[in-house]
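Asker: To be precise about what I am sending: the file is called my_file39.txt and holds compact mmCIF, C-alpha atoms.
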# COMPACT_ATOMS: atom_id res chain seq x y z
CA MET V 1 209.04 -55.14 2.17
CA ARG V 2 205.84 -54.33 0.27
CA LEU V 3 203.79 -56.35 2.79
CA TYR V 4 205.45 -54.47 5.66
CA ARG V 5 204.63 -51.09 4.07
CA LEU V 6 201.03 -52.15 3.52
CA LYS V 7 200.64 -53.18 7.15
CA LEU V 8 202.26 -49.92 8.29
CA CYS V 9 199.87 -47.84 6.13
CA CYS V 10 196.86 -49.73 7.49
CA ALA V 11 198.05 -49.16 11.05
CA LEU V 12 198.56 -45.46 10.42
CA GLY V 13 195.15 -45.26 8.78
CA ARG V 14 193.51 -46.75 11.85
CA GLN V 15 195.43 -44.42 14.14
CA VAL V 16 194.62 -41.14 12.43
CA PHE V 17 190.89 -41.83 12.28
CA THR V 18 190.32 -42.24 16.00
CA HIS V 19 187.72 -39.92 17.51
CA ARG V 20 190.30 -38.29 19.78
CA PRO V 21 192.84 -36.97 17.31
CA ARG V 22 196.46 -36.47 18.26
CA ASP V 23 198.65 -33.71 16.93
CA ALA V 24 200.27 -34.61 13.63
CA VAL V 25 203.40 -33.15 12.07
CA ASN V 26 202.93 -31.89 8.53
CA SER V 27 205.46 -31.93 5.74
CA GLN V 28 206.62 -28.42 6.61
CA GLY V 29 207.51 -29.37 10.16
CA GLY V 30 204.58 -27.56 11.74
CA THR V 31 202.15 -29.13 14.13
CA CYS V 32 198.57 -29.56 12.88
CA ARG V 33 195.84 -29.14 15.47
CA TYR V 34 193.52 -31.59 13.77
CA GLN V 35 193.71 -35.21 12.86
CA LYS V 36 195.62 -35.72 9.67
CA VAL V 37 193.61 -37.82 7.22
CA ILE V 38 194.33 -39.50 3.93
CA PRO V 39 192.75 -37.76 0.90
CA GLY V 40 190.63 -40.11 -1.17
CA SER V 41 190.61 -42.76 1.56
CA ARG V 42 186.77 -43.02 1.44
CA LEU V 43 186.71 -43.58 5.21
CA LYS V 44 183.70 -42.15 7.03
CA LEU V 45 183.66 -38.86 8.88
CA PRO V 46 181.20 -39.45 11.74
CA ALA V 47 180.82 -35.75 12.59
CA LEU V 48 179.51 -35.07 9.09
CA THR V 49 177.13 -38.00 9.37
CA GLY V 50 175.81 -36.45 12.57
CA LEU V 51 175.50 -33.11 10.77
CA ARG V 52 173.09 -34.76 8.32
CA ALA V 53 170.81 -35.45 11.29
CA ILE V 54 170.83 -31.75 12.21
CA ALA V 55 169.95 -30.78 8.63
CA ALA V 56 167.10 -33.31 8.41
CA PHE V 57 165.55 -32.29 11.74
CA TRP V 58 165.86 -28.64 10.76
CA VAL V 59 163.70 -29.34 7.70
CA LEU V 60 161.35 -31.39 9.87
CA MET V 61 160.91 -28.49 12.31
CA LEU V 62 160.01 -26.22 9.41
CA HIS V 63 157.12 -28.49 8.41
CA PHE V 64 156.01 -29.66 11.86
CA GLY V 65 156.81 -26.83 14.24
CA ASP V 66 154.82 -23.76 13.16
CA ASP V 67 151.97 -24.28 15.62
CA VAL V 68 154.18 -25.61 18.40
CA THR V 69 156.55 -22.63 18.28
CA ALA V 70 153.79 -20.00 17.97
CA ASN V 71 154.41 -18.64 21.49
CA TRP V 72 158.18 -19.03 21.49
CA PRO V 73 160.56 -16.04 21.38
CA VAL V 74 160.79 -14.43 17.95
CA ALA V 75 164.44 -15.39 17.47
CA LEU V 76 163.70 -19.09 18.04
CA ARG V 77 160.66 -19.01 15.75
CA ARG V 78 162.75 -17.47 13.03
CA LEU V 79 165.42 -20.11 13.49
CA PHE V 80 163.04 -23.05 13.21
CA SER V 81 161.03 -21.53 10.38
CA SER V 82 164.25 -21.27 8.38
CA GLY V 83 164.43 -25.04 8.03
CA PHE V 84 164.30 -24.91 4.24
CA ILE V 85 167.97 -23.84 4.44
CA GLY V 86 168.72 -27.34 5.73
CA VAL V 87 168.34 -28.52 2.13
CA ASP V 88 171.10 -26.09 1.09
CA LEU V 89 173.28 -27.60 3.80
CA PHE V 90 172.66 -31.02 2.22
CA PHE V 91 173.80 -29.73 -1.19
CA VAL V 92 177.06 -28.29 0.20
CA LEU V 93 177.64 -31.46 2.18
CA SER V 94 177.03 -33.55 -0.92
CA GLY V 95 179.74 -31.70 -2.83
CA PHE V 96 182.21 -32.21 0.00
CA ILE V 97 181.47 -35.90 0.58
CA LEU V 98 181.52 -36.86 -3.10
CA SER V 99 184.85 -35.07 -3.51
CA TRP V 100 186.17 -36.77 -0.39
CA ASN V 101 185.17 -40.21 -1.68
CA TYR V 102 185.78 -39.97 -5.41
CA LEU V 103 188.11 -37.10 -6.32
CA ASN V 104 191.79 -37.75 -7.07
CA ASP V 105 194.58 -35.95 -8.91
CA THR V 106 193.17 -36.76 -12.36
CA GLY V 107 189.43 -36.60 -11.79
CA LEU V 108 187.19 -39.44 -10.64
CA SER V 109 188.82 -42.34 -8.81
CA CYS V 110 186.47 -44.70 -10.70
CA SER V 111 184.67 -44.76 -14.01
CA SER V 112 181.69 -42.48 -14.56
CA ARG V 113 179.45 -45.52 -14.96
CA ASP V 114 180.56 -46.99 -11.63
CA PHE V 115 180.05 -43.62 -9.95
CA TRP V 116 176.54 -43.19 -11.33
CA ARG V 117 175.65 -46.77 -10.42
CA ALA V 118 176.85 -46.20 -6.86
CA ARG V 119 174.74 -43.05 -6.61
CA ALA V 120 171.71 -44.82 -8.07
CA ALA V 121 172.06 -47.65 -5.57
CA ARG V 122 172.28 -45.06 -2.82
CA ILE V 123 169.17 -42.99 -3.59
CA LEU V 124 166.76 -44.86 -5.85
CA PRO V 125 165.48 -47.59 -3.48
CA VAL V 126 164.51 -45.12 -0.76
CA TYR V 127 163.28 -42.56 -3.28
CA TYR V 128 160.83 -44.91 -4.98
CA GLY V 129 159.91 -46.44 -1.64
CA SER V 130 158.97 -42.98 -0.35
CA LEU V 131 156.87 -42.36 -3.46
CA ALA V 132 155.02 -45.64 -2.86
CA LEU V 133 154.40 -44.56 0.74
CA ALA V 134 153.07 -41.17 -0.41
CA LEU V 135 151.00 -42.54 -3.30
CA PRO V 136 147.65 -42.94 -1.44
CA VAL V 137 147.72 -39.37 -0.11
CA PHE V 138 148.78 -38.05 -3.50
CA LEU V 139 145.89 -39.78 -5.28
CA VAL V 140 143.36 -38.67 -2.66
CA MET V 141 144.43 -35.06 -3.02
CA GLN V 142 144.51 -35.13 -6.83
CA PHE V 143 141.13 -36.84 -7.21
CA ASN V 144 139.50 -34.91 -4.38
CA HIS V 145 136.96 -33.40 -6.79
CA GLY V 146 136.38 -36.55 -8.77
CA ILE V 147 138.20 -38.69 -11.33
CA THR V 148 137.92 -36.27 -14.21
CA PRO V 149 139.92 -36.26 -17.48
CA GLU V 150 141.72 -33.15 -16.31
CA ALA V 151 142.68 -34.76 -12.99
CA ILE V 152 143.89 -37.90 -14.77
CA ARG V 153 146.00 -35.82 -17.14
CA HIS V 154 147.42 -33.84 -14.22
CA VAL V 155 148.33 -37.01 -12.32
CA SER V 156 149.91 -38.57 -15.41
CA VAL V 157 152.13 -35.57 -16.11
CA THR V 158 153.13 -35.28 -12.46
CA ALA V 159 153.96 -38.99 -12.33
CA ALA V 160 156.09 -38.75 -15.48
CA PHE V 161 158.22 -35.94 -14.06
CA THR V 162 158.43 -37.39 -10.56
CA LEU V 163 159.30 -40.96 -11.55
CA SER V 164 161.99 -39.70 -13.93
CA LEU V 165 163.45 -37.38 -11.26
CA THR V 166 163.02 -34.31 -13.44
CA GLN V 167 160.30 -32.59 -11.41
CA SER V 168 162.53 -29.73 -10.24
CA TRP V 169 162.89 -28.56 -13.84
CA ALA V 170 159.16 -28.19 -14.45
CA LEU V 171 156.63 -26.48 -12.25
CA PRO V 172 153.98 -26.87 -10.97
CA PHE V 173 155.12 -30.50 -10.75
CA SER V 174 157.93 -30.10 -8.19
CA TYR V 175 155.87 -30.33 -5.04
CA LEU V 176 152.82 -32.47 -5.77
CA TRP V 177 153.88 -36.09 -5.17
CA ASN V 178 155.90 -36.15 -1.94
CA THR V 179 156.95 -32.51 -1.72
CA ALA V 180 160.43 -33.22 -0.35
CA SER V 181 161.38 -35.27 -3.41
CA TRP V 182 162.18 -32.16 -5.47
CA SER V 183 165.66 -31.99 -3.93
CA LEU V 184 166.45 -35.49 -5.22
CA SER V 185 165.87 -34.15 -8.72
CA VAL V 186 168.52 -31.50 -7.99
CA GLU V 187 170.88 -34.15 -6.60
CA VAL V 188 170.54 -36.24 -9.76
CA PHE V 189 171.60 -33.25 -11.85
CA LEU V 190 174.60 -32.73 -9.56
CA TYR V 191 175.53 -36.43 -9.75
CA LEU V 192 175.33 -36.43 -13.53
CA SER V 193 177.61 -33.39 -13.75
CA PHE V 194 180.16 -34.54 -11.16
CA PRO V 195 182.43 -36.65 -13.43
CA TRP V 196 183.10 -33.59 -15.63
CA LEU V 197 183.34 -31.33 -12.62
CA ALA V 198 185.87 -33.71 -11.05
CA VAL V 199 188.15 -33.46 -14.10
CA TRP V 200 187.93 -29.67 -13.98
CA LEU V 201 188.65 -29.61 -10.25
CA ALA V 202 191.66 -31.88 -10.68
CA ARG V 203 193.17 -29.72 -13.44
CA ARG V 204 192.66 -26.30 -11.89
CA PRO V 205 194.79 -24.82 -9.10
CA LEU V 206 193.07 -24.26 -5.78
CA ARG V 207 193.11 -20.49 -6.15
CA SER V 208 191.27 -20.72 -9.48
CA VAL V 209 188.65 -23.09 -8.01
CA LEU V 210 188.04 -20.73 -5.10
CA GLN V 211 187.73 -17.71 -7.41
CA THR V 212 185.30 -19.48 -9.71
CA THR V 213 183.23 -20.65 -6.75
CA ALA V 214 183.09 -17.12 -5.35
CA LEU V 215 182.05 -15.68 -8.74
CA LEU V 216 179.31 -18.26 -9.22
CA TYR V 217 178.06 -17.69 -5.67
CA GLY V 218 178.04 -13.91 -6.18
CA ALA V 219 176.21 -14.20 -9.50
CA THR V 220 173.54 -16.44 -7.97
CA VAL V 221 172.93 -14.17 -4.98
CA LEU V 222 172.91 -11.10 -7.23
CA ALA V 223 170.28 -12.74 -9.43
CA ALA V 224 168.16 -13.41 -6.33
CA LEU V 225 168.47 -9.78 -5.21
CA LEU V 226 167.55 -8.50 -8.67
CA PHE V 227 164.50 -10.75 -8.71
CA PHE V 228 163.46 -9.38 -5.33
CA ALA V 229 163.92 -5.82 -6.59
CA PHE V 230 161.45 -6.43 -9.43
CA HIS V 231 159.11 -8.70 -7.49
CA SER V 232 158.87 -7.93 -3.79
CA HIS V 233 157.21 -10.62 -1.71
CA PRO V 234 154.22 -10.03 0.59
CA SER V 235 156.34 -11.46 3.40
CA PRO V 236 160.14 -11.50 3.09
CA TRP V 237 160.56 -15.11 4.28
CA THR V 238 157.43 -16.91 3.09
CA TRP V 239 155.80 -17.74 -0.20
CA ASP V 240 152.04 -17.94 -0.05
CA PRO V 241 150.38 -18.97 -3.34
CA ALA V 242 147.12 -17.24 -2.38
CA PRO V 243 148.25 -13.58 -2.52
CA ASP V 244 151.33 -14.24 -4.66
CA MET V 245 150.81 -16.31 -7.80
CA CYS V 246 154.33 -15.76 -9.18
CA ILE V 247 155.43 -19.18 -10.38
CA TRP V 248 159.04 -18.00 -10.65
CA ILE V 249 159.55 -18.08 -6.89
CA PRO V 250 159.24 -21.87 -6.39
CA TRP V 251 160.73 -22.56 -9.83
CA LEU V 252 163.91 -20.65 -9.04
CA GLY V 253 164.04 -22.08 -5.55
CA SER V 254 164.02 -25.67 -6.78
CA ASN V 255 165.92 -25.30 -10.04
CA PRO V 256 169.10 -27.46 -10.12
CA VAL V 257 171.23 -24.80 -11.82
CA VAL V 258 170.58 -22.37 -8.97
CA HIS V 259 172.01 -24.84 -6.44
CA PHE V 260 175.11 -25.82 -8.41
CA HIS V 261 177.23 -23.20 -6.62
CA GLU V 262 176.47 -24.90 -3.30
CA PHE V 263 177.66 -28.25 -4.62
CA LEU V 264 180.81 -26.59 -5.98
CA MET V 265 181.37 -24.83 -2.67
CA GLY V 266 181.41 -28.17 -0.87
CA ALA V 267 183.97 -29.51 -3.34
CA ALA V 268 186.09 -26.37 -2.90
CA ALA V 269 185.99 -26.83 0.89
CA TYR V 270 187.32 -30.35 0.43
CA LEU V 271 190.15 -29.17 -1.83
CA PHE V 272 191.07 -26.50 0.70
CA LEU V 273 191.20 -29.09 3.47
CA ARG V 274 193.19 -31.49 1.28
CA ALA V 275 195.76 -28.79 0.59
CA GLU V 276 196.27 -28.47 4.34
CA GLN V 277 196.45 -32.23 4.79
CA THR V 278 199.11 -32.65 2.15
CA GLY V 279 201.18 -29.70 3.37
CA ALA V 280 200.56 -27.62 0.25
CA ARG V 281 199.38 -24.78 2.50
CA LYS V 282 199.42 -24.00 6.20
CA GLU V 283 196.37 -24.57 8.33
CA TRP V 284 194.09 -21.58 7.89
CA ILE V 285 191.92 -22.09 10.97
CA SER V 286 191.42 -24.87 13.48
CA GLY V 287 188.42 -27.17 13.30
CA PRO V 288 186.69 -25.92 16.48
CA GLN V 289 187.23 -22.29 15.48
CA ALA V 290 185.67 -22.90 12.07
CA VAL V 291 182.70 -24.67 13.66
CA TRP V 292 182.01 -21.98 16.23
CA ILE V 293 182.41 -19.07 13.79
CA SER V 294 180.17 -20.62 11.15
CA SER V 295 177.54 -21.75 13.67
CA ALA V 296 177.43 -18.35 15.36
CA GLY V 297 177.17 -16.65 11.98
CA VAL V 298 174.26 -18.83 10.81
CA LEU V 299 172.37 -18.53 14.11
CA ALA V 300 172.84 -14.76 14.36
CA LEU V 301 171.84 -14.06 10.76
CA LEU V 302 168.77 -16.30 10.89
CA ALA V 303 167.60 -14.95 14.25
CA TRP V 304 167.99 -11.38 13.01
CA ARG V 305 167.21 -11.82 9.28
CA GLY V 306 167.07 -8.09 8.80
CA PRO V 307 166.61 -7.03 5.17
CA VAL V 308 167.61 -10.42 3.71
CA PRO V 309 164.98 -11.31 1.08
CA PHE V 310 163.48 -14.77 0.91
CA MET V 311 164.83 -15.48 -2.59
CA ALA V 312 168.43 -14.86 -1.52
CA ALA V 313 168.05 -17.31 1.36
CA LEU V 314 166.27 -19.79 -0.90
CA MET V 315 169.08 -19.67 -3.47
CA GLY V 316 171.96 -20.38 -1.11
CA LEU V 317 172.96 -17.12 0.57
CA TYR V 318 174.31 -18.98 3.62
CA SER V 319 176.27 -21.64 1.73
CA PRO V 320 179.74 -20.15 2.55
CA LEU V 321 178.99 -20.52 6.25
CA PHE V 322 177.88 -24.11 5.66
CA ALA V 323 181.09 -24.82 3.76
CA LEU V 324 183.12 -23.41 6.67
CA LEU V 325 181.11 -25.56 9.10
CA ILE V 326 181.73 -28.73 7.08
CA TYR V 327 185.41 -27.88 6.67
CA GLY V 328 185.72 -27.52 10.46
CA LEU V 329 183.80 -30.67 11.36
CA ALA V 330 185.77 -32.74 8.83
CA LYS V 331 188.84 -32.22 10.98
CA GLN V 332 187.09 -34.32 13.65
CA GLN V 333 188.24 -32.21 16.58
CA GLY V 334 186.42 -30.24 19.25
CA VAL V 335 183.38 -30.74 21.44
CA VAL V 336 180.83 -30.22 18.64
CA ALA V 337 182.52 -32.79 16.42
CA GLN V 338 182.67 -35.23 19.33
CA ILE V 339 178.96 -34.78 20.07
CA LEU V 340 177.98 -35.25 16.42
CA SER V 341 180.20 -38.34 16.27
CA THR V 342 178.33 -40.11 19.08
CA ARG V 343 176.36 -43.23 18.26
CA GLY V 344 172.96 -41.54 18.53
CA PHE V 345 173.76 -38.68 16.16
CA VAL V 346 175.50 -41.00 13.70
CA PHE V 347 172.46 -43.30 13.62
CA LEU V 348 170.10 -40.36 13.06
CA GLY V 349 172.44 -39.16 10.33
CA GLU V 350 172.35 -42.57 8.67
CA ILE V 351 168.55 -42.57 8.57
CA SER V 352 168.36 -38.85 7.69
CA PHE V 353 167.85 -39.52 3.97
CA ALA V 354 164.81 -41.70 4.64
CA LEU V 355 163.63 -39.32 7.36
CA TYR V 356 163.75 -36.38 4.97
CA LEU V 357 161.76 -38.23 2.29
CA ALA V 358 159.17 -39.79 4.62
CA HIS V 359 158.36 -37.10 7.18
CA LEU V 360 155.86 -35.11 5.08
CA THR V 361 153.92 -38.26 4.22
CA VAL V 362 153.62 -38.98 7.93
CA TRP V 363 152.41 -35.43 8.50
CA ASP V 364 149.83 -35.61 5.70
CA ASN V 365 148.43 -38.87 7.07
CA MET V 366 148.17 -37.35 10.53
CA VAL V 367 146.30 -34.38 9.05
CA LEU V 368 143.79 -36.74 7.42
CA PHE V 369 143.47 -38.72 10.64
CA ASN V 370 142.90 -35.61 12.75
CA VAL V 371 140.27 -34.34 10.32
CA GLN V 372 138.27 -37.56 10.69
CA HIS V 373 138.80 -37.97 14.44
CA SER V 374 138.94 -35.59 17.35
CA TYR V 375 141.45 -37.42 19.53
CA ILE V 376 144.38 -35.11 18.84
CA GLN V 377 144.46 -31.41 17.99
CA GLN V 378 146.40 -30.70 14.83
CA ASP V 379 148.24 -27.73 16.35
CA SER V 380 149.10 -29.45 19.65
CA ALA V 381 152.51 -30.41 20.99
CA LEU V 382 151.24 -34.00 21.26
CA ASN V 383 150.59 -34.12 17.52
CA PHE V 384 154.06 -32.74 16.91
CA LEU V 385 155.72 -35.39 19.08
CA ILE V 386 153.70 -38.18 17.48
CA CYS V 387 154.69 -37.02 13.99
CA VAL V 388 158.36 -36.86 14.97
CA ALA V 389 158.26 -40.31 16.55
CA LEU V 390 156.41 -41.86 13.60
CA SER V 391 158.78 -40.20 11.12
CA VAL V 392 161.83 -41.60 12.91
CA ALA V 393 160.20 -45.04 13.09
CA VAL V 394 159.33 -45.06 9.38
CA ALA V 395 162.80 -43.79 8.47
CA THR V 396 164.41 -46.53 10.56
CA LEU V 397 162.35 -49.19 8.78
CA PHE V 398 163.25 -47.71 5.40
CA TYR V 399 166.93 -47.66 6.34
CA LYS V 400 167.00 -51.20 7.73
CA PHE V 401 164.84 -52.96 5.15
CA ILE V 402 165.13 -50.87 1.97
CA GLU V 403 168.13 -48.55 1.87
CA VAL V 404 170.88 -50.85 3.19
CA PRO V 405 169.85 -54.22 1.67
CA TYR V 406 168.86 -52.86 -1.75
CA ARG V 407 171.99 -50.73 -1.97
CA LYS V 408 174.14 -53.80 -1.36
CA THR V 409 172.09 -55.90 -3.76
CA LEU V 410 172.23 -53.38 -6.60
CA ARG V 411 175.95 -52.77 -6.21
CA ALA V 412 176.69 -56.49 -6.16
CA LYS V 413 174.45 -57.10 -9.17
CA TRP V 414 176.00 -54.31 -11.24
CA LYS V 415 179.51 -55.34 -10.22
CA THR V 416 178.81 -58.92 -11.29
CA ALA V 417 177.31 -57.77 -14.59
CA ALA V 418 180.36 -55.59 -15.31
CA THR V 419 182.72 -58.48 -14.51
CA LEU V 420 180.87 -60.84 -16.84
CA LYS V 421 181.34 -58.41 -19.72
CA LEU V 422 185.15 -58.36 -19.31
CA PRO V 423 187.35 -60.57 -21.51
CA GLU V 424 188.52 -63.76 -19.84
CA LYS V 425 192.17 -62.56 -19.79
CA LEU V 426 191.22 -59.44 -17.86
CA ILE V 427 189.10 -61.42 -15.40
CA ALA V 428 192.01 -63.75 -14.74
Show me the file's structure as structure tokens.

Answerer:
Amino acid sequence: MRLYRLKLCCALGRQVFTHRPRDAVNSQGGTCRYQKVIPGSRLKLPALTGLRAIAAFWVLMLHFGDDVTANWPVALRRLFSSGFIGVDLFFVLSGFILSWNYLNDTGLSCSSRDFWRARAARILPVYYGSLALALPVFLVMQFNHGITPEAIRHVSVTAAFTLSLTQSWALPFSYLWNTASWSLSVEVFLYLSFPWLAVWLARRPLRSVLQTTALLYGATVLAALLFFAFHSHPSPWTWDPAPDMCIWIPWLGSNPVVHFHEFLMGAAAYLFLRAEQTGARKEWISGPQAVWISSAGVLALLAWRGPVPFMAALMGLYSPLFALLIYGLAKQQGVVAQILSTRGFVFLGEISFALYLAHLTVWDNMVLFNVQHSYIQQDSALNFLICVALSVAVATLFYKFIEVPYRKTLRAKWKTAATLKLPEKLIA
């Protein structure tokens, strides 16, 4: 009988995770218009993997596309120049995915040590590989005026913060060695806090979690608005160190505490979806409706911008819309979810982590190449396309030969080491 139940559960699990979901009947007798999934199943959600590709290319367009989009309509230029918000989307997505994979009714579904080891195996190989790739450019820029004691001291301090993944806590060391790596410092803080957050999430009712998330979000945005009131920026959506030497702007923008509400918002979105899945509450909105509403809201607000100050956008103003988008796509229904679940988007989503960490190094090397040679104009569309192609190629190599093999190796090594430490009776 137990074997029959196991086979039946496996069959149901395979059925509900097809890309073309069928209507499922919930425990209240109502019909759900999204595919019913198993909380804590740790199965992949391809639409969210494809969403990672969108977030990574949004950041890439911010760094690569200024010159290419110079003559585009204002609304499109504003949209692409808002790519720094793609990092906020990553933080919200991280909270959702970690809750999806590891959260159960008591807290973490594994030990804190196993969780941290899994996260380390996921990010560290690519992170340190990207630093090795960026090292030559970093040293050239730091020793541009000679190998002086001051330059050596500056490089040493920067290396200490960057290698220990603490650079987002201490400026001006957040952006010097592979600029994009600052967000990994934020992620490490979020990973370290997640075991305790998971226990809190498991013990609190959904209403309390949503209220706390809303309060933390409101406090963060209010702090950003107060900062703007006392320190107006020369341009509402840019930070230029030349006319504006306020170190608080990048420090607040990259500080891990500031982005904690985004991580919590992703976890809250998962709990809201789980409550629908388990029949604890009726479906609030269908997946496609959530996707279209959130997407339209983000596009309209970014194209208009209006009086929204840069600091508010930098500190996660749009995170509720991102949480709604992730909530909708997680239901795996609708044309957008189907497109993001295609093989091409899923592959780009899988390499998005490496793409995010490697793309600025590719750009910096192209800048140095174009300075020494006159084959390609730095502000040309050809240079843009070459940088995109090279970034995707480098990210693919990182994914194939560093991220996947080293992640498997580290997990297997740590699992073997943990098994060897167990008493013989427990191993048996």

Asker: Report, in Å with one decimal, the straight-line distance from CA of Leu45 in chain V to CA of Leu355 in chain V.

Answerer: 20.1 Å

Asker: Give the answer as one residue: which of V:Leu321, V:Ile285, V:Ala395, V:Leu216 has the shortest atom-to-atom distance to Gly297 in chain V, using only C-alpha atoms?

Answerer: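 Among V:Leu321, V:Ile285, V:Ala395, V:Leu216, it is V:Leu321 that comes nearest to Gly297 in chain V.
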
Asker: Please provide the set of residues having any atom within 10 Å of Phe227 in chain V, restricted to all atoms listed in the file, with same-chain residues fewer than 3 positions apart removed, written as a PDB file with C-alpha atoms, in the coordinates of the input.

Answerer:
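Written output follows (result.pdb):
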ATOM      1  CA  VAL V 221     172.930 -14.170  -4.980  1.00  0.00           C
ATOM      2  CA  LEU V 222     172.910 -11.100  -7.230  1.00  0.00           C
ATOM      3  CA  ALA V 223     170.280 -12.740  -9.430  1.00  0.00           C
ATOM      4  CA  ALA V 224     168.160 -13.410  -6.330  1.00  0.00           C
ATOM      5  CA  PHE V 230     161.450  -6.430  -9.430  1.00  0.00           C
ATOM      6  CA  HIS V 231     159.110  -8.700  -7.490  1.00  0.00           C
ATOM      7  CA  SER V 232     158.870  -7.930  -3.790  1.00  0.00           C
ATOM      8  CA  TRP V 248     159.040 -18.000 -10.650  1.00  0.00           C
ATOM      9  CA  ILE V 249     159.550 -18.080  -6.890  1.00  0.00           C
ATOM     10  CA  LEU V 252     163.910 -20.650  -9.040  1.00  0.00           C
ATOM     11  CA  PRO V 309     164.980 -11.310   1.080  1.00  0.00           C
ATOM     12  CA  MET V 311     164.830 -15.480  -2.590  1.00  0.00           C
ATOM     13  CA  ALA V 312     168.430 -14.860  -1.520  1.00  0.00           C
TER      14      ALA V 312
END

Asker: What is the CA of Thr69 in chain V-CA of Gln378 in chain V distance in Å, reported with one decimal?

Answerer: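 One can read the CA of Thr69 in chain V to CA of Gln378 in chain V distance as 13.4 Å.
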
Asker: Compile the contact shell of Gly349 in chain V as a list of chain:residue names: residues with an atom at most 9 Å away, counting only C-alpha atoms, same-chain residues fewer than 4 positions apart removed.

Answerer: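 Once the nearby chain positions are removed, what remains is V:Pro46, V:Leu48, V:Thr49, V:Gly50, V:Leu51, V:Arg52, V:Ala53, V:Ile54, V:Ala55, V:Ala56, V:Gly344, V:Phe345, V:Phe353.
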
Asker: Grab the CA of Ser94 in chain V to CA of Arg122 in chain V distance for me, in Å with one decimal place.

Answerer: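 The value is 12.6 Å.
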
Asker: For Ala275 in chain V, list every protein, DNA or RNA residue within 10 Å, evaluated using only C-alpha atoms, and leave out those in the same chain fewer than 6 positions away; present the list as an MDAnalysis selection string.

Answerer: chainID V and resid 39 206 269 281:283
